[in-house]
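Chemist: What follows is the file coords_17.json, containing JSON, C-alpha atoms:
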```json
[["chain", "number", "residue", "atom", "x", "y", "z"],
["A", 658, "MET", "CA", -41.75, -120.92, 63.30],
["A", 659, "SER", "CA", -44.45, -118.82, 64.93],
["A", 660, "ASN", "CA", -43.52, -115.59, 66.70],
["A", 661, "LEU", "CA", -47.08, -114.73, 67.69],
["A", 662, "THR", "CA", -47.23, -112.42, 70.70],
["A", 663, "HIS", "CA", -50.10, -110.85, 72.65],
["A", 664, "ASN", "CA", -49.73, -107.29, 73.92],
["A", 665, "ALA", "CA", -51.74, -104.36, 75.23],
["A", 666, "VAL", "CA", -51.56, -100.59, 74.88],
["A", 667, "GLN", "CA", -52.36, -98.73, 78.08],
["A", 668, "THR", "CA", -53.12, -95.01, 78.17],
["A", 669, "ASP", "CA", -54.66, -92.75, 80.79],
["A", 670, "THR", "CA", -58.09, -93.37, 79.27],
["A", 671, "PHE", "CA", -58.16, -96.87, 77.79],
["A", 672, "THR", "CA", -56.52, -100.25, 77.35],
["A", 673, "MET", "CA", -56.45, -101.88, 73.91],
["A", 674, "ASN", "CA", -55.30, -105.44, 73.25],
["A", 675, "TYR", "CA", -53.44, -106.45, 70.10],
["A", 676, "PHE", "CA", -51.34, -109.29, 68.79],
["A", 677, "THR", "CA", -48.43, -109.42, 66.38],
["A", 678, "PHE", "CA", -46.76, -111.97, 64.13],
["A", 679, "GLY", "CA", -44.42, -112.03, 61.14],
["A", 680, "LYS", "CA", -40.79, -111.07, 60.66],
["A", 681, "GLY", "CA", -40.90, -108.54, 57.83],
["A", 682, "SER", "CA", -39.62, -104.98, 57.99],
["A", 683, "ARG", "CA", -42.90, -103.43, 56.81],
["A", 684, "PRO", "CA", -45.72, -102.87, 59.33],
["A", 685, "LEU", "CA", -49.18, -104.15, 58.41],
["A", 686, "VAL", "CA", -52.14, -103.29, 60.65],
["A", 687, "ILE", "CA", -55.38, -105.28, 60.49],
["A", 688, "LEU", "CA", -58.61, -103.89, 61.92],
["A", 689, "PRO", "CA", -61.24, -106.65, 62.13],
["A", 690, "GLY", "CA", -64.96, -106.25, 61.75],
["A", 691, "LEU", "CA", -67.69, -106.53, 64.34],
["A", 692, "SER", "CA", -67.78, -109.87, 66.16],
["A", 693, "VAL", "CA", -69.67, -111.41, 69.09],
["A", 694, "LYS", "CA", -66.48, -112.73, 70.67],
["A", 695, "SER", "CA", -63.15, -110.93, 70.51],
["A", 696, "VAL", "CA", -60.84, -111.89, 67.67],
["A", 697, "MET", "CA", -58.02, -111.99, 70.22],
["A", 698, "GLY", "CA", -58.99, -115.56, 70.95],
["A", 699, "MET", "CA", -58.45, -116.51, 67.30],
["A", 700, "ALA", "CA", -54.90, -115.18, 66.97],
["A", 701, "GLU", "CA", -53.39, -118.50, 65.88],
["A", 702, "ALA", "CA", -56.04, -118.95, 63.18],
["A", 703, "VAL", "CA", -55.45, -115.39, 61.90],
["A", 704, "GLU", "CA", -51.70, -115.98, 61.80],
["A", 705, "LYS", "CA", -52.28, -119.12, 59.72],
["A", 706, "GLU", "CA", -54.68, -117.40, 57.33],
["A", 707, "TYR", "CA", -52.24, -114.52, 56.76],
["A", 708, "ALA", "CA", -49.15, -116.71, 56.41],
["A", 709, "VAL", "CA", -48.42, -115.09, 53.03],
["A", 710, "MET", "CA", -47.62, -111.86, 54.90],
["A", 711, "ARG", "CA", -45.14, -113.31, 57.39],
["A", 712, "ASP", "CA", -41.88, -112.83, 55.48],
["A", 713, "ASP", "CA", -42.52, -109.30, 54.21],
["A", 714, "PHE", "CA", -44.52, -107.78, 57.06],
["A", 715, "THR", "CA", -44.79, -107.60, 60.80],
["A", 716, "VAL", "CA", -48.55, -107.83, 61.29],
["A", 717, "TYR", "CA", -50.42, -106.04, 64.09],
["A", 718, "LEU", "CA", -54.08, -106.81, 64.74],
["A", 719, "PHE", "CA", -55.82, -104.37, 67.09],
["A", 720, "ASP", "CA", -58.97, -105.21, 69.02],
["A", 721, "ARG", "CA", -61.43, -102.52, 70.16],
["A", 722, "ARG", "CA", -60.64, -100.93, 73.52],
["A", 723, "GLU", "CA", -61.53, -102.55, 76.82],
["A", 724, "ASN", "CA", -64.18, -101.04, 79.16],
["A", 725, "LEU", "CA", -66.32, -99.42, 76.50],
["A", 726, "PRO", "CA", -68.28, -96.28, 77.27],
["A", 727, "GLU", "CA", -72.07, -96.53, 76.87],
["A", 728, "LYS", "CA", -71.85, -94.68, 73.55],
["A", 729, "TYR", "CA", -68.89, -95.47, 71.32],
["A", 730, "SER", "CA", -69.03, -94.38, 67.70],
["A", 731, "VAL", "CA", -66.86, -95.52, 64.80],
["A", 732, "TYR", "CA", -65.19, -92.11, 65.00],
["A", 733, "ASP", "CA", -64.30, -92.79, 68.67],
["A", 734, "MET", "CA", -62.99, -96.23, 67.74],
["A", 735, "ALA", "CA", -60.76, -94.65, 65.09],
["A", 736, "GLU", "CA", -59.30, -92.07, 67.47],
["A", 737, "ASP", "CA", -58.50, -94.71, 70.08],
["A", 738, "THR", "CA", -56.95, -97.02, 67.49],
["A", 739, "ALA", "CA", -54.85, -94.21, 66.03],
["A", 740, "GLU", "CA", -53.58, -93.38, 69.51],
["A", 741, "ALA", "CA", -52.77, -97.06, 70.13],
["A", 742, "MET", "CA", -50.84, -97.21, 66.87],
["A", 743, "ARG", "CA", -48.83, -94.14, 67.88],
["A", 744, "ARG", "CA", -48.10, -95.62, 71.31],
["A", 745, "VAL", "CA", -46.72, -98.77, 69.63],
["A", 746, "GLY", "CA", -44.54, -96.56, 67.42],
["A", 747, "LEU", "CA", -46.33, -97.24, 64.15],
["A", 748, "ARG", "CA", -46.54, -94.88, 61.18],
["A", 749, "ASP", "CA", -46.59, -95.27, 57.39],
["A", 750, "VAL", "CA", -48.31, -98.62, 57.81],
["A", 751, "CYS", "CA", -50.15, -100.78, 55.34],
["A", 752, "LEU", "CA", -53.66, -100.70, 56.82],
["A", 753, "PHE", "CA", -56.40, -103.26, 56.13],
["A", 754, "GLY", "CA", -59.86, -102.81, 57.61],
["A", 755, "ALA", "CA", -62.70, -105.30, 57.16],
["A", 756, "SER", "CA", -66.38, -104.34, 57.52],
["A", 757, "GLN", "CA", -66.63, -102.04, 60.58],
["A", 758, "GLY", "CA", -62.84, -102.19, 60.68],
["A", 759, "GLY", "CA", -62.86, -100.65, 57.21],
["A", 760, "MET", "CA", -64.93, -97.74, 58.51],
["A", 761, "ILE", "CA", -62.39, -97.22, 61.29],
["A", 762, "ALA", "CA", -59.54, -97.48, 58.77],
["A", 763, "MET", "CA", -61.06, -94.78, 56.56],
["A", 764, "CYS", "CA", -61.33, -92.44, 59.54],
["A", 765, "ILE", "CA", -57.69, -93.04, 60.44],
["A", 766, "ALA", "CA", -56.52, -92.44, 56.87],
["A", 767, "ILE", "CA", -58.55, -89.22, 56.71],
["A", 768, "GLY", "CA", -57.69, -87.82, 60.13],
["A", 769, "HIS", "CA", -54.18, -89.18, 60.60],
["A", 770, "PRO", "CA", -52.58, -89.48, 57.15],
["A", 771, "GLU", "CA", -49.08, -89.79, 58.61],
["A", 772, "LEU", "CA", -50.04, -93.20, 59.98],
["A", 773, "VAL", "CA", -51.12, -94.78, 56.69],
["A", 774, "LYS", "CA", -48.97, -95.56, 53.64],
["A", 775, "LYS", "CA", -51.49, -97.80, 51.85],
["A", 776, "LEU", "CA", -55.13, -98.56, 52.64],
["A", 777, "ALA", "CA", -57.15, -101.69, 51.81],
["A", 778, "LEU", "CA", -60.87, -101.80, 52.54],
["A", 779, "GLY", "CA", -62.90, -105.01, 52.65],
["A", 780, "SER", "CA", -66.71, -105.35, 52.60],
["A", 781, "THR", "CA", -67.30, -101.91, 54.08],
["A", 782, "ALA", "CA", -69.18, -98.67, 53.37],
["A", 783, "ALA", "CA", -68.47, -94.96, 53.56],
["A", 784, "ASP", "CA", -72.08, -94.20, 54.50],
["A", 785, "ALA", "CA", -73.79, -96.53, 56.97],
["A", 786, "ASP", "CA", -77.14, -94.80, 56.56],
["A", 787, "ALA", "CA", -77.07, -95.40, 52.80],
["A", 788, "ALA", "CA", -76.03, -99.02, 53.26],
["A", 789, "ASP", "CA", -78.56, -101.72, 54.13],
["A", 790, "THR", "CA", -77.87, -102.04, 57.86],
["A", 791, "GLY", "CA", -81.10, -103.81, 58.81],
["A", 792, "VAL", "CA", -79.17, -106.99, 59.50],
["A", 793, "ILE", "CA", -77.07, -105.20, 62.11],
["A", 794, "GLY", "CA", -80.27, -103.94, 63.73],
["A", 795, "LYS", "CA", -81.52, -107.52, 63.96],
["A", 796, "TRP", "CA", -78.27, -108.59, 65.61],
["A", 797, "ILE", "CA", -78.59, -105.79, 68.16],
["A", 798, "GLY", "CA", -82.13, -106.90, 69.03],
["A", 799, "LEU", "CA", -81.08, -110.52, 69.56],
["A", 800, "ALA", "CA", -78.11, -109.46, 71.69],
["A", 801, "LYS", "CA", -80.28, -107.21, 73.86],
["A", 802, "ASN", "CA", -82.70, -110.10, 74.36],
["A", 803, "GLY", "CA", -79.84, -112.36, 75.42],
["A", 804, "ASP", "CA", -80.55, -114.90, 72.67],
["A", 805, "ARG", "CA", -77.01, -116.12, 72.15],
["A", 806, "THR", "CA", -77.75, -119.01, 69.83],
["A", 807, "ALA", "CA", -80.06, -117.03, 67.57],
["A", 808, "LEU", "CA", -77.51, -114.20, 67.45],
["A", 809, "ASN", "CA", -74.59, -116.43, 66.50],
["A", 810, "LEU", "CA", -76.64, -118.24, 63.86],
["A", 811, "ALA", "CA", -78.04, -115.00, 62.42],
["A", 812, "PHE", "CA", -74.54, -113.55, 62.37],
["A", 813, "GLY", "CA", -73.09, -116.54, 60.53],
["A", 814, "GLN", "CA", -75.98, -116.79, 58.11],
["A", 815, "ALA", "CA", -75.56, -113.13, 57.15],
["A", 816, "ILE", "CA", -71.80, -113.04, 56.66],
["A", 817, "TYR", "CA", -71.21, -116.43, 55.01],
["A", 818, "PRO", "CA", -72.45, -118.03, 51.79],
["A", 819, "ALA", "CA", -75.17, -120.64, 52.41],
["A", 820, "ALA", "CA", -72.87, -123.65, 51.99],
["A", 821, "VAL", "CA", -70.27, -122.25, 54.39],
["A", 822, "PHE", "CA", -72.94, -121.37, 56.95],
["A", 823, "GLU", "CA", -74.40, -124.89, 56.86],
["A", 824, "LYS", "CA", -70.92, -126.35, 57.30],
["A", 825, "PHE", "CA", -70.29, -124.29, 60.43],
["A", 826, "ARG", "CA", -73.85, -124.12, 61.83],
["A", 827, "GLY", "CA", -73.07, -126.60, 64.60],
["A", 828, "ALA", "CA", -69.85, -124.86, 65.57],
["A", 829, "LEU", "CA", -71.60, -121.48, 65.67],
["A", 830, "ALA", "CA", -74.29, -122.88, 67.96],
["A", 831, "ALA", "CA", -71.65, -124.45, 70.21],
["A", 832, "VAL", "CA", -69.67, -121.20, 70.48],
["A", 833, "ALA", "CA", -72.88, -119.40, 71.45],
["A", 834, "THR", "CA", -72.94, -121.31, 74.73],
["A", 835, "THR", "CA", -69.68, -119.60, 75.73],
["A", 836, "VAL", "CA", -70.89, -116.03, 75.08],
["A", 837, "THR", "CA", -71.12, -114.06, 78.33],
["A", 838, "ASP", "CA", -73.49, -111.26, 79.33],
["A", 839, "GLU", "CA", -70.53, -108.88, 79.20],
["A", 840, "GLU", "CA", -69.76, -109.92, 75.62],
["A", 841, "LEU", "CA", -73.37, -109.37, 74.59],
["A", 842, "ALA", "CA", -73.36, -105.88, 76.13],
["A", 843, "ARG", "CA", -70.06, -105.09, 74.41],
["A", 844, "PHE", "CA", -71.40, -106.32, 71.08],
["A", 845, "VAL", "CA", -74.44, -104.03, 71.37],
["A", 846, "ILE", "CA", -72.30, -100.95, 72.05],
["A", 847, "LEU", "CA", -69.97, -101.70, 69.12],
["A", 848, "ALA", "CA", -72.81, -102.51, 66.74],
["A", 849, "GLU", "CA", -74.72, -99.37, 67.68],
["A", 850, "GLY", "CA", -71.54, -97.37, 67.08],
["A", 851, "THR", "CA", -71.95, -97.87, 63.34],
["A", 852, "ALA", "CA", -75.16, -95.81, 63.26],
["A", 853, "GLY", "CA", -74.72, -92.42, 61.65],
["A", 854, "PHE", "CA", -71.30, -93.20, 60.21],
["A", 855, "ARG", "CA", -70.62, -91.18, 57.07],
["A", 856, "VAL", "CA", -67.35, -90.08, 55.45],
["A", 857, "THR", "CA", -68.43, -89.75, 51.81],
["A", 858, "ASP", "CA", -67.63, -86.04, 51.85],
["A", 859, "ARG", "CA", -64.15, -86.71, 53.28],
["A", 860, "LEU", "CA", -62.94, -89.50, 50.98],
["A", 861, "HIS", "CA", -60.99, -86.96, 48.92],
["A", 862, "ASP", "CA", -58.86, -86.33, 52.03],
["A", 863, "ILE", "CA", -57.40, -89.84, 51.84],
["A", 864, "GLN", "CA", -53.89, -89.22, 50.55],
["A", 865, "CYS", "CA", -52.58, -92.77, 50.11],
["A", 866, "PRO", "CA", -53.22, -95.49, 47.50],
["A", 867, "VAL", "CA", -56.46, -97.41, 48.16],
["A", 868, "LEU", "CA", -57.69, -100.89, 47.25],
["A", 869, "ALA", "CA", -61.39, -101.58, 47.88],
["A", 870, "ILE", "CA", -62.70, -105.15, 47.80],
["A", 871, "GLY", "CA", -66.44, -105.79, 47.92],
["A", 872, "SER", "CA", -68.93, -108.62, 47.48],
["A", 873, "ALA", "CA", -71.84, -108.71, 45.07],
["A", 874, "ASP", "CA", -73.65, -111.01, 47.52],
["A", 875, "ASP", "CA", -72.99, -108.95, 50.66],
["A", 876, "ARG", "CA", -76.00, -109.60, 52.91],
["A", 877, "VAL", "CA", -74.81, -107.41, 55.78],
["A", 878, "LEU", "CA", -74.26, -103.98, 54.21],
["A", 879, "GLY", "CA", -75.89, -104.71, 50.85],
["A", 880, "ALA", "CA", -74.44, -105.37, 47.42],
["A", 881, "GLY", "CA", -74.08, -101.64, 46.76],
["A", 882, "ALA", "CA", -72.19, -100.87, 49.96],
["A", 883, "MET", "CA", -68.95, -100.17, 48.13],
["A", 884, "GLU", "CA", -70.57, -97.88, 45.57],
["A", 885, "THR", "CA", -70.03, -94.71, 47.60],
["A", 886, "ILE", "CA", -66.34, -95.56, 47.99],
["A", 887, "VAL", "CA", -65.94, -96.24, 44.29],
["A", 888, "ALA", "CA", -67.85, -93.04, 43.47],
["A", 889, "GLY", "CA", -65.71, -91.01, 45.86],
["A", 890, "LEU", "CA", -62.33, -92.40, 44.84],
["A", 891, "GLY", "CA", -62.92, -93.63, 41.30],
["A", 892, "GLY", "CA", -60.81, -91.93, 38.67],
["A", 893, "ARG", "CA", -57.78, -91.61, 40.93],
["A", 894, "PRO", "CA", -54.75, -93.40, 39.46],
["A", 895, "ASP", "CA", -53.90, -94.79, 42.90],
["A", 896, "PHE", "CA", -57.36, -96.32, 43.46],
["A", 897, "SER", "CA", -58.44, -99.80, 42.42],
["A", 898, "TYR", "CA", -61.27, -102.11, 43.38],
["A", 899, "TYR", "CA", -62.44, -105.67, 42.96],
["A", 900, "ILE", "CA", -65.86, -107.24, 43.51],
["A", 901, "TYR", "CA", -66.23, -110.90, 44.46],
["A", 902, "ASP", "CA", -69.40, -112.90, 43.82],
["A", 903, "GLY", "CA", -70.33, -116.02, 45.75],
["A", 904, "PHE", "CA", -68.15, -115.50, 48.83],
["A", 905, "GLY", "CA", -70.50, -113.37, 50.96],
["A", 906, "HIS", "CA", -69.82, -110.41, 53.22],
["A", 907, "ALA", "CA", -66.92, -112.33, 54.80],
["A", 908, "ALA", "CA", -65.08, -112.75, 51.51],
["A", 909, "PHE", "CA", -62.00, -111.70, 53.49],
["A", 910, "ASP", "CA", -62.32, -115.10, 55.20],
["A", 911, "THR", "CA", -63.88, -117.24, 52.46],
["A", 912, "ALA", "CA", -62.25, -116.20, 49.15],
["A", 913, "PRO", "CA", -59.13, -118.35, 48.67],
["A", 914, "ASP", "CA", -57.12, -115.66, 46.88],
["A", 915, "TYR", "CA", -58.07, -112.76, 49.18],
["A", 916, "ARG", "CA", -54.83, -112.59, 51.18],
["A", 917, "ASP", "CA", -52.77, -112.96, 47.99],
["A", 918, "ARG", "CA", -54.67, -110.01, 46.54],
["A", 919, "LEU", "CA", -53.91, -107.92, 49.62],
["A", 920, "HIS", "CA", -50.27, -108.99, 49.58],
["A", 921, "ARG", "CA", -49.80, -107.93, 45.95],
["A", 922, "PHE", "CA", -51.32, -104.52, 46.66],
["A", 923, "PHE", "CA", -49.27, -103.86, 49.77],
["A", 924, "ILE", "CA", -45.97, -105.17, 48.45],
["A", 925, "GLU", "CA", -45.95, -103.20, 45.16]]
```
Represent the supplied structure as structure tokens.
Modeler:
Amino acid sequence: MSNLTHNAVQTDTFTMNYFTFGKGSRPLVILPGLSVKSVMGMAEAVEKEYAVMRDDFTVYLFDRRENLPEKYSVYDMAEDTAEAMRRVGLRDVCLFGASQGGMIAMCIAIGHPELVKKLALGSTAADADAADTGVIGKWIGLAKNGDRTALNLAFGQAIYPAAVFEKFRGALAAVATTVTDEELARFVILAEGTAGFRVTDRLHDIQCPVLAIGSADDRVLGAGAMETIVAGLGGRPDFSYYIYDGFGHAAFDTAPDYRDRLHRFFIE
């Protein structure tokens, strides 16, 4: 039986939406990647995809804050998310960040080690300038021009393998008709927030066990996006990594064993 609930953290400076599900005693926090529409509207689908976690974990998925400032870096996102986690009463969590969410997760683990017990990183990079971020720049241009359909299709084509993209091309085009001007403006701010992100010189400050999962066919950040993470953490007995091939940047959605892999890491 589902126990999915929607909530919001309110502070003096921001409001951040999140949802929870599961009945386990261990807290698991998921930080999603960049998206045109908020993942809050896909809560039921996320709960279904992460069903393997329900018995062992109570899962919290945090959105980005509401009412974004004009400039909002990954570092700012991390500080706000860490504050939201504290307000909810979370600490020593299992933390999974995907894509931009992985960048945020690294910042939290580095700057707020008391919040993170284990860290899993999916399809992300420790140095955005070293990664191939030209695709993100293309998305920003389409969003600024208000071309919703082209943006949604370019987004899907970049994150999914070709066969998956073709399967969902029609759905992506249909969803584009529901994208508002406010959502486009929000997307631009969040996408631009990735620029200049770099924590390669701080990876040694991560104190918890880390699992990094990348994709050899990552067409968003590039196939070598995980290399800086592996270089910075490799050799540690509490670090492991795995590279998929054929599942695209969004392997966290497309690889059938992805959630099982996360579950094994977090439960051990």
Chemist: Residues of segment 674-745 of chain A that have any atom at most 12 Å from an atom of segment 833-857 of chain A: could you tabulate them with the shortest-distance atom pair and the distance in Å to one decimal, using all atoms listed in the file, ordered by chain and increasing number, as a tab-separated table?
Modeler:
```
residue	atom	partner	partner_atom	distance
A:Gly690	CA	A:Leu847	CA	10.0
A:Leu691	CA	A:Ala848	CA	6.9
A:Ser692	CA	A:Phe844	CA	7.1
A:Val693	CA	A:Phe844	CA	5.7
A:Lys694	CA	A:Glu840	CA	6.6
A:Ser695	CA	A:Glu840	CA	8.4
A:Asp720	CA	A:Leu847	CA	11.5
A:Arg721	CA	A:Leu847	CA	8.6
A:Arg722	CA	A:Arg843	CA	10.3
A:Glu723	CA	A:Arg843	CA	9.2
A:Asn724	CA	A:Arg843	CA	8.6
A:Leu725	CA	A:Arg843	CA	7.1
A:Pro726	CA	A:Ile846	CA	8.1
A:Glu727	CA	A:Ile846	CA	6.5
A:Lys728	CA	A:Ile846	CA	6.5
A:Tyr729	CA	A:Gly850	CA	5.3
A:Ser730	CA	A:Gly850	CA	4.0
A:Val731	CA	A:Gly850	CA	5.5
A:Tyr732	CA	A:Phe854	CA	7.8
A:Asp733	CA	A:Gly850	CA	8.7
A:Met734	CA	A:Gly850	CA	8.7
A:Ala735	CA	A:Gly850	CA	11.3
```
Chemist: Using all atoms listed in the file, which protein or nucleic acid residues come within 12 Å of Glu740 of chain A? Drop anything in the same chain fewer than 4 positions from it, and give the result as a list in words.
Modeler: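 Counting all atoms listed in the file, the residues come to Val666, Gln667, Thr668, Asp669, Thr670, Phe671, Thr672, Met673, Phe719, Arg722, Asp733, Met734, Ala735, Glu736, Arg744, Val745, Gly746, Leu747, Arg748, Ile765, Gly768, His769 and Leu772 of chain A.
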Chemist: Which value, in Å to one decimal, gives the distance between atom CA of Phe676 of chain A and atom CA of His663 of chain A?
Modeler: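 Separation between atom CA of Phe676 of chain A and atom CA of His663 of chain A: 4.3 Å.
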Chemist: Show me, as a tab-separated table, the residues of segment 672-784 of chain A having an atom within 10 Å of segment 859-873 of chain A, each with the closest atom pair and its distance in Å, using all atoms listed in the file.
Modeler:
```
residue	atom	partner	partner_atom	distance
A:Asp749	CA	A:Cys865	CA	9.8
A:Cys751	CA	A:Cys865	CA	9.9
A:Leu752	CA	A:Val867	CA	9.7
A:Phe753	CA	A:Leu868	CA	9.3
A:Gly754	CA	A:Ala869	CA	9.9
A:Ala755	CA	A:Ile870	CA	9.4
A:Ser756	CA	A:Gly871	CA	9.7
A:Gly759	CA	A:Ala869	CA	9.5
A:Met763	CA	A:Ile863	CA	7.8
A:Cys764	CA	A:Arg859	CA	8.9
A:Ile765	CA	A:Ile863	CA	9.2
A:Ala766	CA	A:Ile863	CA	5.7
A:Ile767	CA	A:Ile863	CA	5.0
A:Gly768	CA	A:Asp862	CA	8.3
A:His769	CA	A:Ile863	CA	9.4
A:Pro770	CA	A:Gln864	CA	6.7
A:Glu771	CA	A:Gln864	CA	9.4
A:Val773	CA	A:Cys865	CA	7.0
A:Lys774	CA	A:Cys865	CA	5.8
A:Lys775	CA	A:Pro866	CA	5.2
A:Leu776	CA	A:Val867	CA	4.8
A:Ala777	CA	A:Leu868	CA	4.7
A:Leu778	CA	A:Ala869	CA	4.7
A:Gly779	CA	A:Ile870	CA	4.9
A:Ser780	CA	A:Gly871	CA	4.7
A:Thr781	CA	A:Gly871	CA	7.3
A:Ala782	CA	A:Gly871	CA	9.4
A:Ala783	CA	A:Leu860	CA	8.2
```
Chemist: Determine the nearest neighbour of Arg876 of chain A from the options A:Ile816, A:Ala888, A:Ala702, A:Ile793, counting all atoms listed in the file.
Modeler: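 Closest to Arg876 of chain A of all the choices is A:Ile816.
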Chemist: Separation of atom CA of Ala828 of chain A and atom CA of Phe909 of chain A, in Å?
Modeler: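 Between atom CA of Ala828 of chain A and atom CA of Phe909 of chain A the gap works out to 19.5 Å.
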Chemist: Of the candidates A:Leu718, A:Ala708, A:Leu890, A:Ala820, which shows the shortest atom-to-atom distance to Phe904 of chain A, using all atoms listed in the file?
Modeler: A:Ala820
Chemist: Per residue of segment 854-910 of chain A within 12 Å of segment 803-812 of chain A, what are the shortest atom pair and its distance in Å to one decimal, counting only C-alpha atoms, with rows by chain and residue number, as CSV?
Modeler:
```
residue,atom,partner,partner_atom,distance
A:Arg876,CA,A:Phe812,CA,10.4
A:Val877,CA,A:Phe812,CA,9.0
A:His906,CA,A:Phe812,CA,10.8
A:Ala907,CA,A:Phe812,CA,10.8
```
